[in-house]
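Q: My structure is stored as input.cif, with mmCIF, C-alpha atoms and all ligand atoms.
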data_final
#
loop_
_atom_site.label_atom_id
_atom_site.label_comp_id
_atom_site.auth_asym_id
_atom_site.auth_seq_id
_atom_site.Cartn_x
_atom_site.Cartn_y
_atom_site.Cartn_z
CA MET A 1383 90.32 40.72 47.27
CA LYS A 1384 87.90 40.74 44.31
CA ARG A 1385 88.70 37.12 43.53
CA HIS A 1386 87.86 36.20 47.15
CA ILE A 1387 84.56 38.03 47.00
CA SER A 1388 83.47 36.42 43.74
CA THR A 1389 84.43 32.96 45.05
CA PHE A 1390 82.52 33.67 48.22
CA LYS A 1391 79.42 34.74 46.22
CA LYS A 1392 79.61 31.74 43.94
CA ASN A 1393 79.94 29.20 46.73
CA PHE A 1394 77.38 30.86 48.89
CA LEU A 1395 74.70 31.19 46.21
CA ALA A 1396 75.28 27.65 44.96
CA ASN A 1397 74.74 26.06 48.36
CA LYS A 1398 72.35 28.59 49.92
CA ARG A 1399 69.14 26.68 49.48
CA LEU A 1400 70.60 23.38 50.66
CA ARG A 1401 72.24 25.00 53.69
CA TRP A 1402 68.97 26.64 54.75
CA LYS A 1403 67.24 23.26 54.43
CA VAL A 1404 69.92 21.53 56.54
CA SER A 1405 69.79 24.30 59.12
CA LEU A 1406 65.99 24.22 59.44
CA GLY A 1407 66.16 20.42 59.47
CA LEU A 1408 68.47 20.59 62.49
CA PHE A 1409 66.03 22.88 64.32
CA LEU A 1410 63.25 20.42 63.56
CA LEU A 1411 65.41 17.55 64.80
CA VAL A 1412 66.10 19.40 68.09
CA TYR A 1413 62.38 20.07 68.52
CA THR A 1414 61.49 16.43 67.77
CA ILE A 1415 64.08 14.99 70.18
CA GLN A 1416 62.97 17.43 72.89
CA SER A 1417 59.26 16.56 72.34
CA ILE A 1418 59.88 12.81 72.49
CA ALA A 1419 62.17 13.14 75.54
CA SER A 1420 59.63 15.26 77.44
CA LYS A 1421 57.13 12.38 77.13
CA CYS A 1422 59.53 9.70 78.41
CA PRO A 1423 61.11 10.95 81.69
CA ASP A 1424 61.85 7.41 82.89
CA ALA A 1425 63.68 6.45 79.70
CA VAL A 1426 65.66 9.72 79.79
CA GLU A 1427 66.53 9.12 83.46
CA ILE A 1428 67.74 5.54 82.94
CA HIS A 1429 69.26 5.61 79.45
CA TYR A 1430 70.55 9.17 79.28
CA SER A 1431 71.03 10.86 82.68
CA ARG A 1432 72.36 7.74 84.44
CA THR A 1433 74.00 5.91 81.53
CA ILE A 1434 75.20 8.18 78.73
CA TYR A 1435 75.59 11.50 80.56
CA PRO A 1436 78.21 10.27 83.10
CA TYR A 1437 80.51 9.37 80.18
CA ILE A 1438 79.97 12.81 78.64
CA ILE A 1439 80.78 14.69 81.84
CA GLN A 1440 83.72 12.40 82.61
CA THR A 1441 85.23 13.15 79.19
CA LEU A 1442 84.66 16.90 79.52
CA SER A 1443 86.06 16.86 83.08
CA LEU A 1444 89.23 15.05 81.96
CA PHE A 1445 89.84 17.88 79.53
CA ASN A 1446 88.71 20.93 81.57
CA ARG A 1447 90.80 19.82 84.58
CA LEU A 1448 93.91 20.61 82.52
CA PHE A 1449 93.08 24.33 82.74
CA PHE A 1450 92.90 26.41 85.91
CA PHE A 1451 90.82 29.09 84.19
CA SER A 1452 87.34 28.86 82.71
CA LEU A 1453 87.48 27.43 79.19
CA ALA A 1454 83.91 28.60 78.66
CA GLU A 1455 84.94 32.19 79.35
CA LEU A 1456 87.83 31.86 76.88
CA VAL A 1457 85.53 30.45 74.18
CA VAL A 1458 83.00 33.27 74.72
CA ALA A 1459 85.77 35.90 74.52
CA LEU A 1460 87.24 34.37 71.34
CA THR A 1461 83.79 34.07 69.73
CA ALA A 1462 82.96 37.70 70.56
CA THR A 1463 86.29 38.81 69.07
CA LEU A 1464 85.74 36.76 65.92
CA ILE A 1465 82.21 38.12 65.45
CA THR A 1466 83.49 41.69 65.90
CA ILE A 1467 86.21 41.14 63.27
CA VAL A 1468 83.72 39.61 60.82
CA ILE A 1469 81.23 42.47 61.31
CA ALA A 1470 84.02 45.07 60.85
CA ARG A 1471 85.17 43.34 57.66
CA ASP A 1472 81.55 43.17 56.40
CA ILE A 1473 81.13 46.91 56.97
CA VAL A 1474 84.34 47.66 55.02
CA TRP A 1475 83.29 45.46 52.11
CA ILE A 1476 79.79 46.92 51.99
CA SER A 1477 81.08 50.51 52.24
CA LYS A 1478 83.42 49.84 49.29
CA GLY A 1479 80.44 48.55 47.29
CA ARG A 1480 82.08 45.20 46.57
CA VAL A 1481 79.12 43.25 47.86
CA SER A 1482 75.56 44.42 48.37
CA TYR A 1483 74.13 44.88 51.84
CA LYS A 1484 71.34 42.44 50.98
CA GLU A 1485 73.77 39.66 50.03
CA PHE A 1486 75.74 40.01 53.26
CA LEU A 1487 72.63 40.13 55.39
CA SER A 1488 71.34 36.98 53.76
CA CYS A 1489 74.73 35.28 54.24
CA ARG A 1490 75.07 36.25 57.90
CA LEU A 1491 71.48 35.20 58.68
CA LEU A 1492 72.27 31.81 57.24
CA ASN A 1493 75.53 31.63 59.27
CA LEU A 1494 73.63 32.56 62.43
CA SER A 1495 70.94 29.98 61.75
CA GLU A 1496 73.57 27.27 61.16
CA LEU A 1497 75.48 28.21 64.29
CA LEU A 1498 72.35 28.22 66.46
CA ALA A 1499 70.95 24.98 65.03
CA THR A 1500 74.26 23.15 65.52
CA SER A 1501 74.74 24.59 69.03
CA PHE A 1502 71.19 23.64 70.09
CA LEU A 1503 71.67 20.08 68.86
CA ILE A 1504 75.03 19.67 70.63
CA PHE A 1505 73.62 21.34 73.77
CA LEU A 1506 70.66 18.96 73.82
CA LEU A 1507 72.77 15.85 73.31
CA ILE A 1508 75.52 16.66 75.80
CA TRP A 1509 73.39 18.10 78.64
CA GLY A 1510 70.00 19.61 77.68
CA LEU A 1511 68.20 16.25 77.71
CA ASN A 1512 68.57 16.33 81.49
CA TYR A 1513 65.68 18.84 81.54
CA ALA A 1514 63.42 15.93 80.58
CA ARG A 1515 64.62 13.47 83.23
CA ARG A 1516 62.44 12.10 86.05
CA PRO A 1517 61.61 14.67 88.77
CA LEU A 1518 64.11 14.68 91.65
CA SER A 1519 61.25 14.26 94.16
CA ASP A 1520 60.44 10.89 92.52
CA ASN A 1521 64.10 9.81 92.67
CA LEU A 1522 64.26 10.73 96.36
CA ALA A 1523 60.77 9.30 97.07
CA LEU A 1524 59.86 12.73 98.41
CA LYS A 1525 56.08 12.84 98.64
CA LYS A 1526 54.65 16.26 97.81
CA ARG A 1527 53.42 17.77 101.08
CA GLN A 1528 51.89 21.07 102.18
CA MET A 1529 52.15 22.83 105.54
CA SER A 1530 49.62 24.72 107.60
CA GLU A 1531 50.41 28.29 108.63
CA LYS A 1532 51.46 27.07 112.06
CA GLN A 1533 53.76 24.40 110.61
CA LEU A 1534 55.32 26.93 108.27
CA GLU A 1535 55.97 29.25 111.20
CA GLN A 1536 57.66 26.37 113.02
CA LEU A 1537 59.80 25.69 109.98
CA CYS A 1538 60.80 29.39 109.86
CA ARG A 1539 61.80 29.25 113.53
CA PHE A 1540 63.73 26.01 112.99
CA LEU A 1541 65.67 27.39 110.02
CA ILE A 1542 66.44 30.65 111.83
CA ASP A 1543 67.77 28.60 114.72
CA GLN A 1544 70.00 26.59 112.36
CA VAL A 1545 71.24 29.78 110.70
CA ASN A 1546 72.09 31.32 114.10
CA ARG A 1547 73.79 28.12 115.36
CA ASN A 1548 75.92 27.61 112.24
CA TYR A 1549 76.82 31.25 111.75
CA CYS A 1550 80.48 32.01 111.36
CA GLN A 1551 81.81 35.16 109.83
CA PRO A 1552 82.28 34.60 106.07
CA PRO A 1553 85.69 35.53 104.61
CA THR A 1554 85.97 39.25 103.85
CA GLU A 1555 87.85 38.80 100.58
CA PHE A 1556 88.22 36.17 97.87
CA ASP A 1557 91.12 33.86 98.71
CA SER A 1558 92.01 31.20 96.11
CA LYS A 1559 93.54 28.84 98.71
CA LYS A 1560 90.51 29.02 100.99
CA MET A 1561 88.25 28.55 97.99
CA ALA A 1562 90.12 25.36 96.99
CA ASP A 1563 89.27 24.05 100.46
CA ILE A 1564 85.60 25.01 99.98
CA TYR A 1565 85.48 23.25 96.57
CA HIS A 1566 86.98 20.14 98.17
CA LYS A 1567 84.51 20.14 101.08
CA ILE A 1568 81.51 20.63 98.82
CA GLU A 1569 82.66 17.79 96.55
CA LEU A 1570 83.23 15.62 99.62
CA SER A 1571 79.72 16.34 100.83
CA TYR A 1572 78.36 15.32 97.42
CA GLN A 1573 80.32 12.06 97.55
CA GLN A 1574 79.38 11.26 101.15
CA ASN A 1575 75.66 11.51 100.46
CA PRO A 1576 75.13 9.20 97.50
CA GLU A 1577 71.77 8.16 98.94
CA LEU A 1578 70.54 11.70 98.32
CA ILE A 1579 71.52 11.92 94.71
CA PRO A 1580 72.20 8.78 92.68
CA LEU A 1581 75.65 9.32 91.21
CA SER A 1582 78.17 7.40 89.24
CA LYS A 1583 81.83 7.51 90.18
CA VAL A 1584 82.84 10.41 88.01
CA GLU A 1585 85.80 12.66 88.75
CA TYR A 1586 84.29 16.06 88.21
CA GLY A 1587 86.18 19.14 87.04
CA GLN A 1588 86.73 21.96 89.54
CA PRO A 1589 84.43 24.97 89.91
CA LYS A 1590 86.07 28.00 88.33
CA PRO A 1591 85.77 31.70 89.18
CA ILE A 1592 85.02 33.93 86.21
CA ILE A 1593 87.71 36.53 85.42
CA SER A 1594 85.08 38.95 84.13
CA SER A 1595 83.00 38.50 87.27
CA HIS A 1596 82.01 42.16 87.31
CA ILE A 1597 80.05 41.67 84.08
CA PHE A 1598 78.22 38.82 85.85
CA THR A 1599 77.49 41.14 88.77
CA LEU A 1600 75.98 43.70 86.39
CA LEU A 1601 73.92 40.93 84.80
CA GLY A 1602 72.74 39.76 88.25
CA ILE A 1603 74.29 36.30 87.75
CA SER A 1604 75.94 34.45 90.65
CA GLY A 1605 77.02 31.43 88.63
CA ILE A 1606 76.60 29.64 85.36
CA TYR A 1607 77.12 26.08 84.24
CA SER A 1608 78.76 25.64 80.85
CA PRO A 1609 77.45 22.39 79.29
CA PHE A 1610 79.87 22.63 76.37
CA THR A 1611 82.94 22.51 78.62
CA GLY A 1612 81.40 20.77 81.66
CA GLU A 1613 82.52 23.59 83.97
CA PRO A 1614 80.67 25.05 86.95
CA ASN A 1615 81.58 28.76 86.76
CA PHE A 1616 80.83 31.29 89.46
CA ASN A 1617 80.91 35.02 90.07
CA ARG A 1618 83.72 35.67 92.55
CA GLU A 1619 82.33 39.12 93.43
CA GLN A 1620 79.09 37.89 95.01
CA PRO A 1621 78.70 38.17 98.80
CA ALA A 1622 80.70 35.52 100.67
CA SER A 1623 77.54 34.31 102.43
CA GLU A 1624 76.25 33.12 99.03
CA LEU A 1625 79.42 31.68 97.48
CA PRO A 1626 79.41 28.05 98.73
CA PHE A 1627 75.73 27.69 97.90
CA SER A 1628 76.25 29.08 94.37
CA ILE A 1629 79.14 26.67 93.80
CA ALA A 1630 77.10 23.71 95.09
CA HIS A 1631 74.22 24.79 92.80
CA GLU A 1632 76.42 24.85 89.69
CA LYS A 1633 77.90 21.50 90.70
CA ALA A 1634 74.36 20.06 90.77
CA HIS A 1635 73.96 21.16 87.13
CA GLN A 1636 77.32 19.52 86.39
CA ARG A 1637 75.90 16.27 87.77
CA GLY A 1638 73.04 16.47 85.29
CA PHE A 1639 70.33 18.15 87.38
CA ALA A 1640 69.17 20.82 84.97
CA LEU A 1641 66.12 22.30 86.70
CA GLU A 1642 66.83 25.33 88.89
CA ASP A 1643 64.62 24.32 91.83
CA GLU A 1644 66.26 20.87 91.89
CA ALA A 1645 69.78 22.34 91.66
CA ASN A 1646 68.86 24.69 94.52
CA PHE A 1647 67.50 21.84 96.62
CA ILE A 1648 70.48 19.57 95.99
CA ALA A 1649 72.83 22.46 96.83
CA PHE A 1650 70.89 22.98 100.07
CA LEU A 1651 71.18 19.29 101.06
CA VAL A 1652 74.86 19.15 100.20
CA CYS A 1653 75.61 22.37 102.09
CA ILE A 1654 73.74 21.48 105.29
CA LYS A 1655 75.38 18.05 105.39
CA SER A 1656 78.88 19.49 105.05
CA SER A 1657 81.43 19.11 107.83
CA ASP A 1658 82.20 22.82 107.50
CA ALA A 1659 80.04 25.27 109.51
CA TYR A 1660 80.44 28.08 106.96
CA ILE A 1661 79.10 25.86 104.15
CA ARG A 1662 76.24 24.60 106.38
CA TYR A 1663 75.42 28.19 107.33
CA CYS A 1664 75.18 29.24 103.65
CA GLY A 1665 72.83 26.30 102.93
CA TYR A 1666 70.50 27.13 105.83
CA LEU A 1667 70.63 30.83 104.96
CA MET A 1668 69.30 30.14 101.46
CA ALA A 1669 66.52 27.88 102.77
CA MET A 1670 65.57 30.40 105.47
CA ARG A 1671 65.29 33.23 102.93
CA HIS A 1672 62.95 31.23 100.70
CA ILE A 1673 60.76 29.94 103.49
CA LEU A 1674 60.56 33.35 105.17
CA ALA A 1675 59.56 34.96 101.87
CA THR A 1676 56.73 32.42 101.57
CA PHE A 1677 55.66 32.97 105.16
CA TYR A 1678 55.61 36.75 104.62
CA LEU A 1679 52.95 36.32 101.92
CA ILE A 1680 50.78 34.28 104.31
CA ASP A 1681 51.13 36.30 107.52
CA PRO A 1682 53.11 39.58 107.28
CA GLU A 1683 52.49 40.44 110.95
CA LYS A 1684 53.74 37.16 112.32
CA TYR A 1685 56.65 37.37 109.87
CA LYS A 1686 57.85 40.60 111.51
CA GLU A 1687 57.81 38.85 114.86
CA VAL A 1688 59.70 35.78 113.60
CA VAL A 1689 62.49 37.64 111.74
CA LYS A 1690 63.44 39.32 115.02
CA LEU A 1691 64.93 35.95 116.00
CA ILE A 1692 67.66 36.27 113.37
CA GLU A 1693 70.84 37.26 115.17
CA ILE A 1694 73.02 40.22 114.27
CA GLY A 1695 75.66 38.31 112.19
CA PRO A 1696 73.25 36.61 109.74
CA LYS A 1697 71.13 39.79 109.68
CA GLU A 1698 74.19 41.74 108.53
CA ASP A 1699 74.89 39.14 105.81
CA LEU A 1700 71.30 39.39 104.56
CA ARG A 1701 71.53 43.17 104.50
CA GLU A 1702 74.87 43.06 102.67
CA SER A 1703 73.56 40.59 100.11
CA THR A 1704 70.42 42.65 99.33
CA ALA A 1705 72.48 45.86 99.14
CA PHE A 1706 75.03 44.23 96.80
CA TRP A 1707 72.51 43.02 94.22
CA ASN A 1708 70.35 46.18 94.47
CA GLN A 1709 73.38 48.41 93.98
CA HIS A 1710 74.21 46.70 90.69
CA HIS A 1711 70.66 46.24 89.46
CA SER A 1712 70.10 47.89 86.09
CA GLN A 1713 68.33 47.42 82.76
CA LEU A 1714 71.16 45.04 81.90
CA THR A 1715 70.09 42.84 84.84
CA GLU A 1716 66.51 42.87 83.57
CA LEU A 1717 67.67 41.95 80.06
CA SER A 1718 69.71 39.06 81.48
CA GLU A 1719 66.67 37.85 83.47
CA ALA A 1720 64.48 38.05 80.36
CA ILE A 1721 67.03 35.98 78.39
CA ASN A 1722 67.26 33.41 81.20
CA ASN A 1723 63.45 33.27 81.33
CA SER A 1724 63.24 32.60 77.58
CA TYR A 1725 66.06 30.05 77.80
CA LEU A 1726 64.27 28.08 80.52
CA LYS A 1727 60.93 28.22 78.70
CA ALA A 1728 62.64 27.03 75.49
CA ASN A 1729 63.76 24.03 77.56
CA ARG A 1730 60.12 23.40 78.54
CA VAL A 1731 60.43 24.77 82.07
CA LYS A 1732 56.92 26.27 82.20
CA SER A 1733 57.55 28.63 85.11
CA GLY A 1734 60.67 30.11 83.48
CA ILE A 1735 62.75 32.17 85.87
CA ASP A 1736 60.31 31.48 88.74
CA ASN A 1737 61.66 27.93 88.70
CA TYR A 1738 64.44 29.05 91.08
CA ASP A 1739 61.85 29.89 93.78
CA GLU A 1740 60.00 26.60 93.31
CA VAL A 1741 62.62 25.12 95.63
CA VAL A 1742 60.17 26.13 98.39
CA GLN A 1743 57.92 23.16 97.55
CA LEU A 1744 60.88 20.78 97.72
CA LEU A 1745 62.02 22.24 101.04
CA ILE A 1746 58.54 21.95 102.55
CA SER A 1747 58.14 18.38 101.31
CA TYR A 1748 61.60 17.51 102.62
CA TYR A 1749 60.96 18.78 106.15
CA ALA A 1750 57.38 17.46 106.27
CA ASN A 1751 58.52 13.98 105.18
CA THR A 1752 61.79 13.83 107.12
CA PHE A 1753 60.53 15.27 110.43
CA PRO A 1754 56.77 14.48 110.42
CA ASN A 1755 56.52 14.97 114.18
CA ASN A 1756 58.09 18.44 114.13
CA PHE A 1757 56.30 20.02 111.19
ZN ZN B 1 71.21 27.14 87.91
#
Is it possible to express this structure as structure tokens?
A:
Amino acid sequence: MKRHISTFKKNFLANKRLRWKVSLGLFLLVYTIQSIASKCPDAVEIHYSRTIYPYIIQTLSLFNRLFFFSLAELVVALTATLITIVIARDIVWISKGRVSYKEFLSCRLLNLSELLATSFLIFLLIWGLNYARRPLSDNLALKKRQMSEKQLEQLCRFLIDQVNRNYCQPPTEFDSKKMADIYHKIELSYQQNPELIPLSKVEYGQPKPIISSHIFTLLGISGIYSPFTGEPNFNREQPASELPFSIAHEKAHQRGFALEDEANFIAFLVCIKSSDAYIRYCGYLMAMRHILATFYLIDPEKYKEVVKLIEIGPKEDLRESTAFWNQHHSQLTELSEAINNSYLKANRVKSGIDNYDEVVQLLISYYANTFPNNF
């Protein structure tokens, strides 16, 4: 044991300075690439998102399709176990006085810095650059439009009508066979609408439910895209009225649409154009919630009148969804939101976590441009 410790000390001290320099150099490289990319959205769109990224996701998909479970979840579990073992061993060594606390702290800080710097660089190269691509509204030639109060009220009524028309009772429990059908229909909807989202012919890996979904529920997370494994992962515990939309959202990230409002908007388009009423219903339900929330801020009295039009089935789904997330809301949820906020800001998304709600602008522009006579 002593021989190991002295070797460790020797190697570590000999390379320490150089390793810190390499680590900080990697951080600087990440920052430089990100800065340059943020100034060239067209170049990122053409040379990265449409040219290089499809090869990356195709390669990852070829591999992740071999596993029916989430590889990302396995990697996180193994990493957490490894870190716990290393910390436990550190504590034993320190308590036996073989190595000083200061030396270990310095070593682990360096390890952490190296791990983060390498992860950031890989993250940026295999997916993160998509944050700097051309705005989706430009790709879809969606002119930014605003609506008057009256037009917004009409849009609320229209979406409520679509929600009521497409309503069908969501499944009461998670069924793997039914979910396979949902995955297939969502993928089909993506493929049948190439004019909406320019895509290459990539065979994407399946969405995967997280085994530890309850932890996701406590964190207030409905889904997460893992760029390192190319997997759209989702929380299987979330209300059934949200599931197809969450899956479509994560699949938008898989296709290289990193921004949350854009992933939400793409998921909406894909859902409402599906051949399946349940998927369409979930898409309209999400849009209705966002537009109604905006309308409430403008005219709370009129809002009360309009929401009465929502029929009993969708109303029950909305109630169930709010109750589900409220019931599990805790300080853990707030911590998870704060981390997500910092993550998005680190990727130059100025609005941070509010970026999810910015889908409202895309929805308004979409309806104002697509149906100019109605809204
Ligand atoms: Zn997302």
Q: Identify, on the basis of all atoms listed in the file, every residue whose closest approach to Phe1409 (chain A) does not exceed 12 Å; exclude the query and any residue fewer than 3 positions from it along the same chain; express the result as a list in words.
A: Trp1402, Lys1403, Val1404, Ser1405, Leu1406, Val1412, Tyr1413, Thr1414, Ile1415, Gln1416, Ser1495, Glu1496, Leu1497, Leu1498, Ala1499, Thr1500, Ser1501, Phe1502, Leu1503, Ile1504 and Leu1506 of chain A
Q: For region 1740-1746 of chain A, list every protein, DNA or RNA residue within 7 Å, evaluated using all atoms listed in the file, and leave out those in the same chain fewer than 5 positions away; present the list as a PDB file with C-alpha atoms, in the frame of the given file.
A:
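For reference, part.pdb as written:
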ATOM      1  CA  ARG A1527      53.420  17.770 101.080  1.00  0.00           C
ATOM      2  CA  GLN A1528      51.890  21.070 102.180  1.00  0.00           C
ATOM      3  CA  ASP A1643      64.620  24.320  91.830  1.00  0.00           C
ATOM      4  CA  GLU A1644      66.260  20.870  91.890  1.00  0.00           C
ATOM      5  CA  ASN A1646      68.860  24.690  94.520  1.00  0.00           C
ATOM      6  CA  PHE A1647      67.500  21.840  96.620  1.00  0.00           C
ATOM      7  CA  HIS A1672      62.950  31.230 100.700  1.00  0.00           C
ATOM      8  CA  ILE A1673      60.760  29.940 103.490  1.00  0.00           C
TER       9      ILE A1673
END
Q: Nearest to Asn1575 (chain A): which of A:Pro1609, A:Ile1476, A:Asn1546, A:Leu1651 is it, counting all atoms listed in the file?
A: A:Leu1651
Q: At a cut-off of 12 Å around ligand ZN 1 (chain B), and using all atoms listed in the file, what residues come up? Please write them as a PyMOL selection string.
A: chain A and resi 1513+1603-1609+1614-1616+1627-1649+1722-1723+1725-1726+1734-1739+1741
Q: Please compute the CA of Leu1700 (chain A)-CA of Ser1718 (chain A) distance, one decimal, in Å.
A: 23.1 Å
Q: Which residue, A:Tyr1748, A:Trp1707, A:Phe1650, A:Phe1556, has the smallest gap to Cys1664 (chain A) when you use all atoms listed in the file?
A: A:Phe1650
Q: Work out how far CA of Glu1569 (chain A) is from CA of Val1652 (chain A), in Å to one decimal.
A: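 Spanning CA of Val1652 (chain A) to CA of Glu1569 (chain A) is a straight-line distance of 8.7 Å.
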Q: Which one is closest to Lys1398 (chain A): A:Lys1567, A:Arg1662, A:Lys1532, A:Arg1490? Count all atoms listed in the file.
A: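 Among A:Lys1567, A:Arg1662, A:Lys1532, A:Arg1490, it is A:Arg1490 that comes nearest to Lys1398 (chain A).
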Q: Starting from the incomplete input, reconstruct N, CA and C atoms of region 1662-1681 of chain A and report them as a short mmCIF file (atom, residue, chain, number, x, y, z; two decimals), in the coordinates of the input.
A:
data_model
loop_
_atom_site.label_atom_id
_atom_site.label_comp_id
_atom_site.auth_asym_id
_atom_site.auth_seq_id
_atom_site.Cartn_x
_atom_site.Cartn_y
_atom_site.Cartn_z
N ARG A 1662 77.57 24.92 105.83
CA ARG A 1662 76.24 24.60 106.38
C ARG A 1662 75.42 25.88 106.54
N TYR A 1663 76.07 26.90 107.09
CA TYR A 1663 75.42 28.19 107.33
C TYR A 1663 74.82 28.74 106.02
N CYS A 1664 75.64 28.70 104.93
CA CYS A 1664 75.18 29.24 103.65
C CYS A 1664 73.97 28.45 103.12
N GLY A 1665 73.96 27.14 103.35
CA GLY A 1665 72.83 26.30 102.93
C GLY A 1665 71.56 26.67 103.69
N TYR A 1666 71.68 26.77 105.01
CA TYR A 1666 70.50 27.13 105.83
C TYR A 1666 70.02 28.56 105.53
N LEU A 1667 70.99 29.44 105.25
CA LEU A 1667 70.63 30.83 104.96
C LEU A 1667 69.74 30.91 103.71
N MET A 1668 70.10 30.13 102.69
CA MET A 1668 69.30 30.14 101.46
C MET A 1668 67.89 29.61 101.75
N ALA A 1669 67.82 28.48 102.49
CA ALA A 1669 66.52 27.88 102.77
C ALA A 1669 65.67 28.85 103.61
N MET A 1670 66.30 29.47 104.60
CA MET A 1670 65.57 30.40 105.47
C MET A 1670 64.99 31.56 104.67
N ARG A 1671 65.77 32.10 103.75
CA ARG A 1671 65.29 33.23 102.93
C ARG A 1671 64.05 32.84 102.13
N HIS A 1672 64.09 31.66 101.51
CA HIS A 1672 62.95 31.23 100.70
C HIS A 1672 61.71 30.97 101.54
N ILE A 1673 61.92 30.28 102.67
CA ILE A 1673 60.76 29.94 103.49
C ILE A 1673 60.18 31.19 104.16
N LEU A 1674 61.06 32.09 104.58
CA LEU A 1674 60.56 33.35 105.17
C LEU A 1674 59.78 34.17 104.15
N ALA A 1675 60.26 34.20 102.91
CA ALA A 1675 59.56 34.96 101.87
C ALA A 1675 58.17 34.39 101.64
N THR A 1676 58.05 33.07 101.73
CA THR A 1676 56.73 32.42 101.57
C THR A 1676 55.84 32.75 102.76
N PHE A 1677 56.44 32.70 103.94
CA PHE A 1677 55.66 32.97 105.16
C PHE A 1677 55.17 34.43 105.19
N TYR A 1678 55.99 35.32 104.66
CA TYR A 1678 55.61 36.75 104.62
C TYR A 1678 54.30 36.94 103.84
N LEU A 1679 54.16 36.19 102.76
CA LEU A 1679 52.95 36.32 101.92
C LEU A 1679 51.72 35.81 102.66
N ILE A 1680 51.91 34.88 103.59
CA ILE A 1680 50.78 34.28 104.31
C ILE A 1680 50.40 35.12 105.53
N ASP A 1681 51.41 35.54 106.29
CA ASP A 1681 51.13 36.30 107.52
C ASP A 1681 52.22 37.36 107.76
#
